[in-house]
$ cat input_11.cif   # mmCIF, C-alpha atoms and all ligand atoms
data_final
#
loop_
_atom_site.group_PDB
_atom_site.id
_atom_site.type_symbol
_atom_site.label_atom_id
_atom_site.label_comp_id
_atom_site.auth_asym_id
_atom_site.auth_seq_id
_atom_site.Cartn_x
_atom_site.Cartn_y
_atom_site.Cartn_z
ATOM 1 C CA MET G 1 -14.359 4.343 104.026
ATOM 2 C CA LEU G 2 -15.728 1.315 105.853
ATOM 3 C CA ALA G 3 -15.039 2.891 109.265
ATOM 4 C CA ARG G 4 -17.452 5.776 108.504
ATOM 5 C CA LEU G 5 -20.191 3.304 107.646
ATOM 6 C CA THR G 6 -19.655 1.270 110.818
ATOM 7 C CA THR G 7 -19.546 4.455 112.915
ATOM 8 C CA ARG G 8 -22.889 5.567 111.437
ATOM 9 C CA LEU G 9 -24.298 2.109 112.114
ATOM 10 C CA MET G 10 -23.120 2.192 115.746
ATOM 11 C CA ASP G 11 -24.369 5.755 116.242
ATOM 12 C CA SER G 12 -27.775 4.829 114.817
ATOM 13 C CA GLN G 13 -28.256 2.437 117.766
ATOM 14 C CA GLY G 14 -28.268 5.374 120.189
ATOM 15 C CA PHE G 15 -32.073 5.284 120.483
ATOM 16 C CA TRP G 16 -31.764 2.164 122.658
ATOM 17 C CA THR G 17 -28.127 2.083 123.782
ATOM 18 C CA LYS G 18 -28.432 5.496 125.458
ATOM 19 C CA PRO G 19 -31.451 4.784 127.724
ATOM 20 C CA LEU G 20 -30.417 1.179 128.375
ATOM 21 C CA GLY G 21 -26.848 2.320 129.084
ATOM 22 C CA ASN G 22 -28.044 4.898 131.600
ATOM 23 C CA VAL G 23 -30.064 2.291 133.498
ATOM 24 C CA ALA G 24 -27.231 -0.280 133.398
ATOM 25 C CA TYR G 25 -24.724 2.408 134.452
ATOM 26 C CA ARG G 26 -26.787 3.387 137.506
ATOM 27 C CA PHE G 27 -27.001 -0.221 138.635
ATOM 28 C CA LEU G 28 -23.346 -1.091 137.938
ATOM 29 C CA HIS G 29 -22.063 2.157 139.456
ATOM 30 C CA TRP G 30 -24.017 1.433 142.629
ATOM 31 C CA PHE G 31 -23.046 -2.266 142.637
ATOM 32 C CA PHE G 32 -19.285 -1.818 142.173
ATOM 33 C CA GLY G 33 -19.251 1.415 144.189
ATOM 34 C CA ALA G 34 -20.368 -0.644 147.194
ATOM 35 C CA MET G 35 -17.250 -2.843 146.921
ATOM 36 C CA PRO G 36 -14.363 -0.753 145.585
ATOM 37 C CA ALA G 37 -11.757 -3.424 146.409
ATOM 38 C CA ILE G 38 -13.510 -5.951 144.128
ATOM 39 C CA ARG G 39 -13.988 -3.263 141.470
ATOM 40 C CA ASP G 40 -10.249 -2.418 141.614
ATOM 41 C CA LEU G 41 -9.352 -6.109 141.331
ATOM 42 C CA LEU G 42 -11.561 -6.487 138.242
ATOM 43 C CA ILE G 43 -10.463 -3.302 136.466
ATOM 44 C CA GLY G 44 -6.785 -4.206 136.974
ATOM 45 C CA ARG G 45 -5.501 -1.437 139.275
ATOM 46 C CA TRP G 46 -3.140 -4.025 140.818
ATOM 47 C CA LEU G 47 -1.812 -4.713 137.300
ATOM 48 C CA GLY G 48 -1.492 -1.067 136.236
ATOM 49 C CA HIS G 49 -3.346 -2.054 133.063
ATOM 50 C CA PRO G 50 -7.027 -2.601 132.193
ATOM 51 C CA LEU G 51 -7.705 -6.276 132.986
ATOM 52 C CA HIS G 52 -10.641 -6.597 130.562
ATOM 53 C CA ALA G 53 -8.295 -6.091 127.586
ATOM 54 C CA VAL G 54 -6.138 -8.981 128.824
ATOM 55 C CA LEU G 55 -9.005 -11.387 129.591
ATOM 56 C CA THR G 56 -10.824 -10.989 126.268
ATOM 57 C CA ASP G 57 -8.036 -12.707 124.328
ATOM 58 C CA ALA G 58 -8.774 -16.079 125.957
ATOM 59 C CA PRO G 59 -12.426 -16.585 124.853
ATOM 60 C CA ILE G 60 -11.756 -15.271 121.337
ATOM 61 C CA GLY G 61 -8.908 -17.752 120.850
ATOM 62 C CA ILE G 62 -10.769 -20.669 122.448
ATOM 63 C CA LEU G 63 -14.021 -20.024 120.553
ATOM 64 C CA MET G 64 -12.056 -19.938 117.307
ATOM 65 C CA LEU G 65 -10.836 -23.434 118.214
ATOM 66 C CA VAL G 66 -14.463 -24.636 118.392
ATOM 67 C CA ILE G 67 -14.816 -23.834 114.678
ATOM 68 C CA VAL G 68 -11.513 -25.600 113.919
ATOM 69 C CA PHE G 69 -12.549 -28.732 115.867
ATOM 70 C CA ASP G 70 -15.967 -28.776 114.153
ATOM 71 C CA VAL G 71 -14.307 -28.572 110.727
ATOM 72 C CA LEU G 72 -11.993 -31.435 111.725
ATOM 73 C CA SER G 73 -15.004 -33.490 112.956
ATOM 74 C CA MET G 74 -13.742 -33.601 116.541
ATOM 75 C CA PRO G 75 -17.052 -33.140 118.431
ATOM 76 C CA GLN G 76 -15.693 -33.895 121.916
ATOM 77 C CA ALA G 77 -12.825 -31.403 121.610
ATOM 78 C CA ALA G 78 -15.260 -28.811 120.177
ATOM 79 C CA ALA G 79 -17.693 -29.259 123.096
ATOM 80 C CA TRP G 80 -14.912 -28.939 125.698
ATOM 81 C CA ALA G 81 -13.531 -25.866 123.955
ATOM 82 C CA LEU G 82 -17.024 -24.377 123.808
ATOM 83 C CA ALA G 83 -17.566 -24.931 127.540
ATOM 84 C CA LEU G 84 -14.185 -23.356 128.318
ATOM 85 C CA GLY G 85 -14.902 -20.473 125.937
ATOM 86 C CA ILE G 86 -18.191 -19.771 127.752
ATOM 87 C CA LEU G 87 -16.456 -19.778 131.148
ATOM 88 C CA THR G 88 -13.700 -17.406 130.002
ATOM 89 C CA MET G 89 -16.345 -15.150 128.410
ATOM 90 C CA LEU G 90 -18.006 -14.847 131.817
ATOM 91 C CA GLY G 91 -14.678 -13.805 133.416
ATOM 92 C CA ALA G 92 -14.030 -11.199 130.714
ATOM 93 C CA ALA G 93 -17.609 -9.910 131.089
ATOM 94 C CA LEU G 94 -17.161 -9.351 134.828
ATOM 95 C CA ALA G 95 -14.049 -7.233 134.225
ATOM 96 C CA GLY G 96 -15.842 -5.386 131.412
ATOM 97 C CA PHE G 97 -18.820 -4.542 133.629
ATOM 98 C CA ALA G 98 -16.431 -3.127 136.262
ATOM 99 C CA ASP G 99 -15.017 -0.765 133.570
ATOM 100 C CA TYR G 100 -18.563 0.064 132.421
ATOM 101 C CA ALA G 101 -19.466 1.206 135.958
ATOM 102 C CA ASP G 102 -17.463 4.446 135.457
ATOM 103 C CA THR G 103 -17.949 5.117 131.756
ATOM 104 C CA ASP G 104 -19.687 8.248 130.458
ATOM 105 C CA GLY G 105 -21.145 9.774 127.290
ATOM 106 C CA LYS G 106 -20.576 8.187 123.904
ATOM 107 C CA ALA G 107 -18.263 5.548 125.394
ATOM 108 C CA ARG G 108 -21.158 4.393 127.599
ATOM 109 C CA GLU G 109 -23.432 4.043 124.553
ATOM 110 C CA ARG G 110 -20.784 2.018 122.735
ATOM 111 C CA ALA G 111 -20.126 -0.088 125.846
ATOM 112 C CA THR G 112 -23.860 -0.862 125.983
ATOM 113 C CA LEU G 113 -23.819 -2.017 122.356
ATOM 114 C CA HIS G 114 -20.631 -4.026 122.950
ATOM 115 C CA SER G 115 -21.886 -5.783 126.068
ATOM 116 C CA THR G 116 -25.356 -6.464 124.608
ATOM 117 C CA LEU G 117 -23.813 -8.140 121.554
ATOM 118 C CA MET G 118 -21.510 -10.177 123.816
ATOM 119 C CA LEU G 119 -24.456 -11.302 125.955
ATOM 120 C CA VAL G 120 -26.393 -12.348 122.833
ATOM 121 C CA ALA G 121 -23.318 -14.306 121.672
ATOM 122 C CA LEU G 122 -23.054 -15.920 125.105
ATOM 123 C CA VAL G 123 -26.656 -17.157 124.903
ATOM 124 C CA VAL G 124 -26.057 -18.479 121.366
ATOM 125 C CA PHE G 125 -22.953 -20.378 122.581
ATOM 126 C CA ILE G 126 -24.835 -21.849 125.550
ATOM 127 C CA VAL G 127 -27.633 -23.110 123.255
ATOM 128 C CA SER G 128 -25.002 -24.565 120.915
ATOM 129 C CA LEU G 129 -23.388 -26.372 123.862
ATOM 130 C CA LEU G 130 -26.733 -27.738 125.071
ATOM 131 C CA LEU G 131 -27.470 -29.052 121.557
ATOM 132 C CA ARG G 132 -24.152 -30.932 121.654
ATOM 133 C CA LEU G 133 -25.070 -32.853 124.829
ATOM 134 C CA PRO G 134 -24.496 -35.660 125.494
ATOM 135 C CA VAL G 135 -21.144 -35.414 123.727
ATOM 136 C CA SER G 136 -20.422 -38.436 121.588
ATOM 137 C CA ALA G 137 -17.497 -38.961 119.243
ATOM 138 C CA ALA G 138 -19.578 -41.376 117.184
ATOM 139 C CA ALA G 139 -22.673 -39.185 116.696
ATOM 140 C CA GLY G 140 -20.871 -35.892 116.116
ATOM 141 C CA ALA G 141 -22.342 -32.422 116.612
ATOM 142 C CA SER G 142 -25.635 -31.522 114.945
ATOM 143 C CA THR G 143 -25.630 -29.038 112.059
ATOM 144 C CA GLY G 144 -27.675 -26.625 114.201
ATOM 145 C CA ALA G 145 -25.084 -26.710 117.007
ATOM 146 C CA VAL G 146 -22.220 -26.110 114.570
ATOM 147 C CA LEU G 147 -24.023 -23.240 112.829
ATOM 148 C CA LEU G 148 -24.900 -21.645 116.162
ATOM 149 C CA SER G 149 -21.290 -21.641 117.369
ATOM 150 C CA LEU G 150 -20.289 -20.120 114.020
ATOM 151 C CA LEU G 151 -22.990 -17.452 114.398
ATOM 152 C CA GLY G 152 -21.850 -16.798 117.970
ATOM 153 C CA PHE G 153 -18.283 -16.246 116.811
ATOM 154 C CA LEU G 154 -19.413 -13.751 114.145
ATOM 155 C CA ILE G 155 -21.357 -11.809 116.800
ATOM 156 C CA VAL G 156 -18.281 -11.853 119.084
ATOM 157 C CA ALA G 157 -16.157 -10.491 116.214
ATOM 158 C CA GLY G 158 -18.668 -7.644 115.674
ATOM 159 C CA ALA G 159 -18.775 -6.908 119.414
ATOM 160 C CA ALA G 160 -14.960 -6.928 119.570
ATOM 161 C CA TYR G 161 -14.935 -4.294 116.801
ATOM 162 C CA VAL G 162 -17.224 -2.099 118.908
ATOM 163 C CA GLY G 163 -14.967 -2.716 121.932
ATOM 164 C CA GLY G 164 -11.931 -1.626 119.913
ATOM 165 C CA ASP G 165 -13.797 1.553 118.924
ATOM 166 C CA ILE G 166 -14.388 2.358 122.611
ATOM 167 C CA VAL G 167 -10.644 2.236 123.287
ATOM 168 C CA TYR G 168 -8.928 3.325 120.066
ATOM 169 C CA VAL G 169 -11.431 5.918 118.792
ATOM 170 C CA LEU G 170 -13.043 7.203 121.986
ATOM 171 C CA GLY G 171 -9.948 6.739 124.200
ATOM 172 C CA ASN G 172 -11.879 5.133 127.053
ATOM 173 C CA MET G 173 -9.574 3.541 129.694
ATOM 174 C CA VAL G 174 -6.544 5.048 127.914
ATOM 175 C CA SER G 175 -4.264 7.057 130.222
ATOM 176 C CA ARG G 176 -4.845 10.791 129.712
ATOM 177 C CA HIS G 177 -1.072 11.159 129.995
ATOM 178 C CA ALA G 178 -0.112 8.618 127.343
ATOM 179 C CA PHE G 179 1.454 11.266 125.104
ATOM 180 C CA ARG G 180 2.916 13.521 127.767
ATOM 181 C CA GLY G 181 6.702 13.729 127.708
ATOM 182 C CA ALA G 182 8.721 13.354 130.906
ATOM 183 C CA GLY G 183 10.059 16.936 130.672
ATOM 184 C CA THR G 184 13.539 17.615 132.019
ATOM 185 C CA LYS G 185 13.571 21.383 132.382
ATOM 186 C CA TRP G 186 12.544 23.503 135.305
ATOM 187 C CA ILE G 187 9.697 25.723 134.106
ATOM 188 C CA SER G 188 8.090 28.703 135.770
ATOM 189 C CA LEU G 189 5.024 27.695 137.801
ATOM 190 C CA GLU G 190 2.056 30.072 138.037
ATOM 191 C CA PRO G 191 -0.401 29.254 140.851
ATOM 192 C CA ALA G 192 -3.980 30.403 140.204
ATOM 193 C CA GLU G 193 -4.159 31.767 143.765
ATOM 194 C CA VAL G 194 -1.647 33.247 146.162
ATOM 195 C CA GLY G 195 -2.145 34.750 149.603
ATOM 196 C CA THR G 196 -1.612 38.424 150.423
ATOM 197 C CA ASP G 197 1.960 37.547 151.451
ATOM 198 C CA GLY G 198 2.544 35.921 148.068
ATOM 199 C CA SER G 199 2.496 32.328 149.429
ATOM 200 C CA ILE G 200 0.475 29.412 148.070
ATOM 201 C CA PRO G 201 -2.580 28.719 150.313
ATOM 202 C CA GLU G 202 -1.889 25.781 152.654
ATOM 203 C CA GLY G 203 -3.728 22.477 153.124
ATOM 204 C CA ARG G 204 -6.092 22.627 150.144
ATOM 205 C CA PRO G 205 -5.760 21.959 146.404
ATOM 206 C CA VAL G 206 -4.698 24.924 144.287
ATOM 207 C CA LYS G 207 -4.545 24.906 140.500
ATOM 208 C CA ALA G 208 -1.374 26.092 138.759
ATOM 209 C CA LYS G 209 -0.108 26.524 135.215
ATOM 210 C CA LEU G 210 3.151 24.884 134.156
ATOM 211 C CA GLY G 211 3.745 25.622 130.466
ATOM 212 C CA ILE G 212 0.952 23.844 128.570
ATOM 213 C CA ASN G 213 0.053 21.709 131.632
ATOM 214 C CA GLN G 214 -2.266 22.411 134.524
ATOM 215 C CA LEU G 215 -1.115 21.101 137.909
ATOM 216 C CA VAL G 216 -2.762 20.701 141.267
ATOM 217 C CA LEU G 217 -0.641 21.881 144.203
ATOM 218 C CA VAL G 218 -0.941 21.165 147.893
ATOM 219 C CA ARG G 219 1.330 23.146 150.226
ATOM 220 C CA GLN G 220 2.411 21.518 153.480
ATOM 221 C CA GLY G 221 4.495 24.103 155.317
ATOM 222 C CA THR G 222 7.515 24.775 153.140
ATOM 223 C CA LYS G 223 6.901 21.715 151.001
ATOM 224 C CA ILE G 224 4.762 21.910 147.846
ATOM 225 C CA LEU G 225 3.376 18.658 146.432
ATOM 226 C CA ALA G 226 2.271 18.715 142.809
ATOM 227 C CA LEU G 227 0.453 16.376 140.418
ATOM 228 C CA ASN G 228 -0.882 16.863 136.927
ATOM 229 C CA ASP G 229 -4.384 18.254 137.298
ATOM 230 C CA ALA G 230 -6.032 16.065 134.610
ATOM 231 C CA CYS G 231 -7.013 12.708 136.122
ATOM 232 C CA ALA G 232 -5.420 9.831 134.187
ATOM 233 C CA HIS G 233 -8.790 8.019 134.066
ATOM 234 C CA ALA G 234 -10.941 10.491 132.126
ATOM 235 C CA GLY G 235 -9.489 13.944 132.658
ATOM 236 C CA GLY G 236 -11.372 15.171 135.763
ATOM 237 C CA SER G 237 -9.787 18.239 137.396
ATOM 238 C CA LEU G 238 -8.089 17.067 140.592
ATOM 239 C CA ALA G 239 -7.921 20.668 141.845
ATOM 240 C CA GLU G 240 -11.699 20.378 142.318
ATOM 241 C CA GLY G 241 -11.310 17.185 144.349
ATOM 242 C CA LYS G 242 -10.894 16.540 148.062
ATOM 243 C CA LEU G 243 -7.796 15.711 150.108
ATOM 244 C CA ILE G 244 -8.246 12.419 151.956
ATOM 245 C CA ASP G 245 -5.454 10.875 154.057
ATOM 246 C CA GLY G 246 -2.575 12.096 151.913
ATOM 247 C CA THR G 247 -4.402 11.377 148.659
ATOM 248 C CA ILE G 248 -6.472 13.541 146.351
ATOM 249 C CA ALA G 249 -9.864 12.203 145.214
ATOM 250 C CA CYS G 250 -10.994 12.936 141.667
ATOM 251 C CA PRO G 251 -14.360 14.734 141.635
ATOM 252 C CA LEU G 252 -15.634 12.718 138.645
ATOM 253 C CA HIS G 253 -15.332 9.034 139.631
ATOM 254 C CA ASP G 254 -13.405 9.158 142.926
ATOM 255 C CA SER G 255 -10.065 7.737 141.791
ATOM 256 C CA ARG G 256 -7.457 8.523 144.445
ATOM 257 C CA PHE G 257 -3.797 9.395 143.994
ATOM 258 C CA ARG G 258 -1.068 9.904 146.605
ATOM 259 C CA MET G 259 -0.112 13.563 146.546
ATOM 260 C CA ASP G 260 3.574 12.803 147.231
ATOM 261 C CA THR G 261 4.120 10.214 144.471
ATOM 262 C CA GLY G 262 1.054 10.228 142.199
ATOM 263 C CA TYR G 263 0.511 6.493 142.865
ATOM 264 C CA VAL G 264 -3.082 5.431 142.304
ATOM 265 C CA THR G 265 -4.599 3.971 145.481
ATOM 266 C CA ARG G 266 -8.191 3.539 144.314
ATOM 267 C CA GLY G 267 -9.825 3.084 140.893
ATOM 268 C CA PRO G 268 -11.371 3.447 138.436
ATOM 269 C CA SER G 269 -8.010 4.792 137.239
ATOM 270 C CA VAL G 270 -5.531 1.963 136.773
ATOM 271 C CA TYR G 271 -2.781 4.489 136.009
ATOM 272 C CA ASP G 272 -0.597 6.579 138.312
ATOM 273 C CA GLN G 273 -0.792 10.352 138.063
ATOM 274 C CA PRO G 274 2.305 12.292 136.848
ATOM 275 C CA ALA G 275 4.001 13.919 139.854
ATOM 276 C CA TYR G 276 6.157 17.063 139.777
ATOM 277 C CA GLU G 277 8.970 18.568 141.832
ATOM 278 C CA VAL G 278 8.467 22.180 142.895
ATOM 279 C CA ARG G 279 11.095 24.587 144.193
ATOM 280 C CA ALA G 280 11.347 28.292 144.940
ATOM 281 C CA ARG G 281 12.845 30.295 142.116
ATOM 282 C CA GLU G 282 15.675 32.737 142.611
ATOM 283 C CA GLY G 283 14.166 36.189 142.694
ATOM 284 C CA GLY G 284 10.735 34.949 143.821
ATOM 285 C CA GLY G 285 7.981 32.635 142.604
ATOM 286 C CA TRP G 286 8.264 28.909 141.887
ATOM 287 C CA GLU G 287 9.361 26.514 139.192
ATOM 288 C CA ALA G 288 8.600 22.844 138.604
ATOM 289 C CA ARG G 289 9.502 19.825 136.529
ATOM 290 C CA ARG G 290 8.269 16.246 136.178
ATOM 291 C CA SER G 291 9.497 13.982 139.024
ATOM 292 C CA GLY G 292 12.097 11.440 137.979
ATOM 293 C CA SER G 293 13.572 13.803 135.358
HETATM 294 S S1 LIG G 301 -11.924 11.181 135.648
HETATM 295 FE FE1 LIG G 301 -12.664 9.270 136.333
HETATM 296 S S2 LIG G 301 -11.790 9.064 138.282
HETATM 297 FE FE2 LIG G 301 -10.978 10.910 137.558
#

$ encode --input "input_11.cif" --output "structure tokens" --more "lines below"
Ligand code: FES
Amino acid sequence: MLARLTTRLMDSQGFWTKPLGNVAYRFLHWFFGAMPAIRDLLIGRWLGHPLHAVLTDAPIGILMLVIVFDVLSMPQAAAWALALGILTMLGAALAGFADYADTDGKARERATLHSTLMLVALVVFIVSLLLRLPVSAAAGASTGAVLLSLLGFLIVAGAAYVGGDIVYVLGNMVSRHAFRGAGTKWISLEPAEVGTDGSIPEGRPVKAKLGINQLVLVRQGTKILALNDACAHAGGSLAEGKLIDGTIACPLHDSRFRMDTGYVTRGPSVYDQPAYEVRAREGGGWEARRSGS
């Protein structure tokens, strides 16, 4: 199968994508970590959807037009489309680097390959644009400029394949709760810890089992707030995180979720966390179900 061959090819690049990715990650993590509001804007927390996936459609479509205009011998339209394609590529790259800043393991290696190919394509497109200057309808674009924009598009197509692999095969930036049903039934809740009087410890995160799910509980007096324990971003255990101003911070990449609603208040997660209702069960103990059931 072709996919096995391409996977082997991508994996074989690990000798340089791994070390380069680690260096790039350290820089990007520091850079975006210093301005979380900008990082959240670029990753798409405000949209509830990864922004990079939305922005990449523009350059791919526009750069395809460059080839069409070249075939139709419309050098001015091709040059304008190329300039616009380069600008939209830069916007998509910024959003992609913000995602990269909190990517681990194999996904980081693939992201390094993806972004390196895109940067090579960007340089090829810029050279092609420079070769087209000054733009003249009479002279037309040189063969070198046309071939370079064609080469750039082929590199972009290869890089887009790698980008698709990061999402569809490795599940990076996919909500960890994409396949979790809403759940309508009250199910017995089993906290991992209870006090000597049988109550849930107050004011700190406590893990609990709810059927096949793990939850994180925070008791505030008689009220018990509950979220799914697996962070929507990449599965970090929220029970190991800290409580900060009514939110819980993921120990892996510091995404924050409101304990009362599960709303995400800080990235890199762009997704809310499933919240649960908890009540005392007749005869002792607790039971819970997904909020909004
Ligand atoms: S796993 Fe990345 S922020 Fe929670």

$ axis_aligned_box --input "input_11.cif" --around "ligand LIG 301 (chain G)" --padding-each-side "5 Å" --output "AutoDock Vina command-line options"
--center_x -11.8 --center_y 10.1 --center_z 137.0 --size_x 11.7 --size_y 12.1 --size_z 12.6

$ atom_distance --input "input_11.cif" --atom1 "CA of Ser199 in chain G" --atom2 "CA of Asp272 in chain G"
28.2 Å

$ closest_residue --input "input_11.cif" --among "G:Ala239, G:Val156, G:Met35, G:Leu2" --to "Pro59 in chain G" --atoms "only C-alpha atoms"
G:Val156

$ closest_residue --input "input_11.cif" --among "G:Ala77, G:Ala58, G:Leu84, G:Val162" --to "Leu9 in chain G" --atoms "only C-alpha atoms"
G:Val162

$ resolve_selection --input "input_11.cif" --expression "the PyMOL selection byres (((chain G and resi 122) around 10) and not hetatm)" --output "mmCIF file with C-alpha atoms, in the frame of the given file"
data_model
loop_
_atom_site.group_PDB
_atom_site.id
_atom_site.type_symbol
_atom_site.label_atom_id
_atom_site.label_comp_id
_atom_site.auth_asym_id
_atom_site.auth_seq_id
_atom_site.Cartn_x
_atom_site.Cartn_y
_atom_site.Cartn_z
ATOM 1 C CA GLY G 85 -14.902 -20.473 125.937
ATOM 2 C CA ILE G 86 -18.191 -19.771 127.752
ATOM 3 C CA LEU G 87 -16.456 -19.778 131.148
ATOM 4 C CA MET G 89 -16.345 -15.150 128.410
ATOM 5 C CA LEU G 90 -18.006 -14.847 131.817
ATOM 6 C CA THR G 116 -25.356 -6.464 124.608
ATOM 7 C CA LEU G 117 -23.813 -8.140 121.554
ATOM 8 C CA MET G 118 -21.510 -10.177 123.816
ATOM 9 C CA LEU G 119 -24.456 -11.302 125.955
ATOM 10 C CA VAL G 120 -26.393 -12.348 122.833
ATOM 11 C CA ALA G 121 -23.318 -14.306 121.672
ATOM 12 C CA VAL G 123 -26.656 -17.157 124.903
ATOM 13 C CA VAL G 124 -26.057 -18.479 121.366
ATOM 14 C CA PHE G 125 -22.953 -20.378 122.581
ATOM 15 C CA ILE G 126 -24.835 -21.849 125.550
ATOM 16 C CA VAL G 127 -27.633 -23.110 123.255
ATOM 17 C CA SER G 128 -25.002 -24.565 120.915
ATOM 18 C CA SER G 149 -21.290 -21.641 117.369
ATOM 19 C CA GLY G 152 -21.850 -16.798 117.970
ATOM 20 C CA PHE G 153 -18.283 -16.246 116.811
ATOM 21 C CA ILE G 155 -21.357 -11.809 116.800
ATOM 22 C CA VAL G 156 -18.281 -11.853 119.084
#

$ resolve_selection --input "input_11.cif" --expression "the PyMOL selection byres (((chain G and resi 269) around 8) and not hetatm)" --output "list in words"
Arg45, Met173, Ala232, His233, Ser255, Val264, Arg266, Gly267, Pro268, Val270, Tyr271 and Asp272 of chain G

$ resolve_selection --input "input_11.cif" --expression "the PyMOL selection byres (((chain G and resi 103) around 12) and not hetatm)" --output "PyMOL selection string"
chain G and resi 21-22+24-26+28-29+96-102+104-112+166-167+170-173+233-234+252-253+268-269

$ closest_residue --input "input_11.cif" --among "G:Ala280, G:Cys231, G:Ile200, G:Ile67" --to "ligand LIG 301 (chain G)" --atoms "only C-alpha atoms and all ligand atoms"
G:Cys231

$ closest_residue --input "input_11.cif" --among "G:Gly284, G:Pro191, G:Pro274, G:Gly241" --to "ligand LIG 301 (chain G)" --atoms "all atoms listed in the file"
G:Gly241

$ residues_around --input "input_11.cif" --residues "Gly203 in chain G" --least-positions-apart "3" --cutoff "7 Å" --atoms "all atoms listed in the file" --output "list in words"
Val218, Arg219 and Gln220 of chain G

$ write_last_selection --input "input_11.cif" --atoms "C-alpha atoms" --output "CSV table (one decimal), in the frame of the given file"
chain,number,residue,atom,x,y,z
G,218,VAL,CA,-0.9,21.2,147.9
G,219,ARG,CA,1.3,23.1,150.2
G,220,GLN,CA,2.4,21.5,153.5

$ closest_residue --input "input_11.cif" --among "G:Lys242, G:Arg281, G:Arg4, G:Arg289" --to "Thr184 in chain G" --atoms "only C-alpha atoms"
G:Arg289

$ build_atoms --input "input_11.cif" --residues "range 216-233 of chain G" --atoms "N, CA and C atoms" --output "PDB file, in the coordinates of the input"
ATOM      1  N   VAL G 216      -2.088  20.438 140.005  1.00  0.00           N
ATOM      2  CA  VAL G 216      -2.762  20.701 141.267  1.00  0.00           C
ATOM      3  C   VAL G 216      -1.670  20.702 142.338  1.00  0.00           C
ATOM      4  N   LEU G 217      -1.668  21.738 143.160  1.00  0.00           N
ATOM      5  CA  LEU G 217      -0.641  21.881 144.203  1.00  0.00           C
ATOM      6  C   LEU G 217      -1.280  21.740 145.574  1.00  0.00           C
ATOM      7  N   VAL G 218      -0.522  21.160 146.490  1.00  0.00           N
ATOM      8  CA  VAL G 218      -0.941  21.165 147.893  1.00  0.00           C
ATOM      9  C   VAL G 218       0.287  21.571 148.703  1.00  0.00           C
ATOM     10  N   ARG G 219       0.180  22.700 149.416  1.00  0.00           N
ATOM     11  CA  ARG G 219       1.330  23.146 150.226  1.00  0.00           C
ATOM     12  C   ARG G 219       1.211  22.588 151.633  1.00  0.00           C
ATOM     13  N   GLN G 220       2.332  21.999 152.093  1.00  0.00           N
ATOM     14  CA  GLN G 220       2.411  21.518 153.480  1.00  0.00           C
ATOM     15  C   GLN G 220       3.611  22.205 154.109  1.00  0.00           C
ATOM     16  N   GLY G 221       3.387  23.322 154.767  1.00  0.00           N
ATOM     17  CA  GLY G 221       4.495  24.103 155.317  1.00  0.00           C
ATOM     18  C   GLY G 221       5.342  24.657 154.188  1.00  0.00           C
ATOM     19  N   THR G 222       6.629  24.256 154.193  1.00  0.00           N
ATOM     20  CA  THR G 222       7.515  24.775 153.140  1.00  0.00           C
ATOM     21  C   THR G 222       7.518  23.843 151.914  1.00  0.00           C
ATOM     22  N   LYS G 223       6.868  22.704 152.076  1.00  0.00           N
ATOM     23  CA  LYS G 223       6.901  21.715 151.001  1.00  0.00           C
ATOM     24  C   LYS G 223       5.678  21.885 150.088  1.00  0.00           C
ATOM     25  N   ILE G 224       5.903  21.813 148.772  1.00  0.00           N
ATOM     26  CA  ILE G 224       4.762  21.910 147.846  1.00  0.00           C
ATOM     27  C   ILE G 224       4.691  20.617 147.032  1.00  0.00           C
ATOM     28  N   LEU G 225       3.586  19.895 147.188  1.00  0.00           N
ATOM     29  CA  LEU G 225       3.376  18.658 146.432  1.00  0.00           C
ATOM     30  C   LEU G 225       2.593  19.012 145.172  1.00  0.00           C
ATOM     31  N   ALA G 226       2.927  18.355 144.073  1.00  0.00           N
ATOM     32  CA  ALA G 226       2.271  18.715 142.809  1.00  0.00           C
ATOM     33  C   ALA G 226       2.023  17.483 141.947  1.00  0.00           C
ATOM     34  N   LEU G 227       0.814  17.423 141.382  1.00  0.00           N
ATOM     35  CA  LEU G 227       0.453  16.376 140.418  1.00  0.00           C
ATOM     36  C   LEU G 227      -0.130  17.056 139.190  1.00  0.00           C
ATOM     37  N   ASN G 228      -0.155  16.334 138.076  1.00  0.00           N
ATOM     38  CA  ASN G 228      -0.882  16.863 136.927  1.00  0.00           C
ATOM     39  C   ASN G 228      -2.356  16.958 137.307  1.00  0.00           C
ATOM     40  N   ASP G 229      -3.008  18.027 136.869  1.00  0.00           N
ATOM     41  CA  ASP G 229      -4.384  18.254 137.298  1.00  0.00           C
ATOM     42  C   ASP G 229      -5.387  17.327 136.601  1.00  0.00           C
ATOM     43  N   ALA G 230      -5.075  16.881 135.374  1.00  0.00           N
ATOM     44  CA  ALA G 230      -6.032  16.065 134.610  1.00  0.00           C
ATOM     45  C   ALA G 230      -5.935  14.605 135.044  1.00  0.00           C
ATOM     46  N   CYS G 231      -7.002  14.099 135.639  1.00  0.00           N
ATOM     47  CA  CYS G 231      -7.013  12.708 136.122  1.00  0.00           C
ATOM     48  C   CYS G 231      -6.720  11.739 134.975  1.00  0.00           C
ATOM     49  N   ALA G 232      -5.823  10.781 135.229  1.00  0.00           N
ATOM     50  CA  ALA G 232      -5.420   9.831 134.187  1.00  0.00           C
ATOM     51  C   ALA G 232      -6.610   9.013 133.665  1.00  0.00           C
ATOM     52  N   HIS G 233      -7.661   8.856 134.482  1.00  0.00           N
ATOM     53  CA  HIS G 233      -8.790   8.019 134.066  1.00  0.00           C
ATOM     54  C   HIS G 233      -9.592   8.652 132.940  1.00  0.00           C
TER      55      HIS G 233
END
